[in-house]
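Have a look at the structure below, then the notes.
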Amino acid sequence: MKIIAHRGASAGAPENTLAAFRLAWEENADGVEFDIQLTADGQIVVIHDDDTRRTTGQPGAVCSWKLRDLQRLDSGSWKGAKWRGERIPTLEEALDAIPAGKLAFIEIKCGAEILPELRRVIQNIRFNPSRVVFVGFSIEVMALAKRTFDTCLVLWNVEPQSVANAEWVRGLCRQVRQSGIGGLGLGIGRVVNVETVRIIREEGQQLFVWTVDDAKTARRTKDIGVEFIATNKPGWIRKQIGSS
């Protein structure tokens, strides 16, 4: 099972910043997950929310900011004084910080309008694009991403139902198959169980589970054969499950 740092090692550093990514590598994460959006001037930046208020203190839709103005904002102080001065990274900066052999899980938070610029950036990265995994909540955008990046794993994120339902999982897998993508991302819950993994495996698909921050759940997801988990605490979770 691969341990993916959710928005970087975001329990210990401000989410979706280079500091959080550096901490993830220090904690021996197998990869980092981060969110991308498009600026007013067509640049791709790493930020989760549609609005900048929560992580910078300055309100405004991400899509209304130009890159130069976004990068003047302080994206670290909300987490603590030691992080003052952390900036919102560009996608290029985030990818440049990925060490050899590590994975980049890129969650597309906006629509298909981001794909042309995303293609340009991915074509110019210094490592094999097969180490990039695309995830997102729009299956239509994920299908387009797979057509754009045919060598990359693409997963459809779905919020799970409160009660495990095998037929619901089969329906999701059917949509995944019809869209030509590689599998599912599921929020952790009762639907993530042995039966779910069995169905997804029978379909030849892969499973990414978020956000796993307690030891019992991490051990359970490992035992039932989940391929990837996202966690805010990659180093601590690795110690709890005894994975080297």
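Going by the structure tokens order, chains are called A, B, ..., each with residues numbered from 1, while ligands are numbered from 1 in the order shown.
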Which neighbours of Arg177 of chain A fall inside 10 Å, counting only C-alpha atoms, when residues of the same chain fewer than 4 positions from it are skipped, and could you give them as number ranges by chain? A: 171-173, 181-183, 203-205
Can you list, as a PyMOL selection string, every residue of segment 35-219 of chain A that DSSP puts in helix (DSSP H, G or I)? chain A and resi 53-56+62-64+67-70+77-79+81-83+91-96+112-123+129-131+139-148+166-179+194-202+215-219
Among segment 68-197 of chain A, which residues does DSSP mark as strand (DSSP E or B) when it is run on the backbone? Keep the chain and numbering as in the structure and answer as a ChimeraX atom specification. /A:90,103-108,132-136,153-158,183-187
Can you pull out every residue within 8 Å of segment 85-101 of chain A, counting only C-alpha atoms, but drop anything in the same chain fewer than 3 positions away, and send it as a VMD selection string? chain A and resid 16 to 19 21 to 22 25 36 43 to 47 70 to 77 104 121 125 to 127 131
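The closest residue to Ile241 of chain A, picked from A:Arg53, A:Lys2, A:Arg147, A:Lys109 and counting only C-alpha atoms, is A:Lys2.
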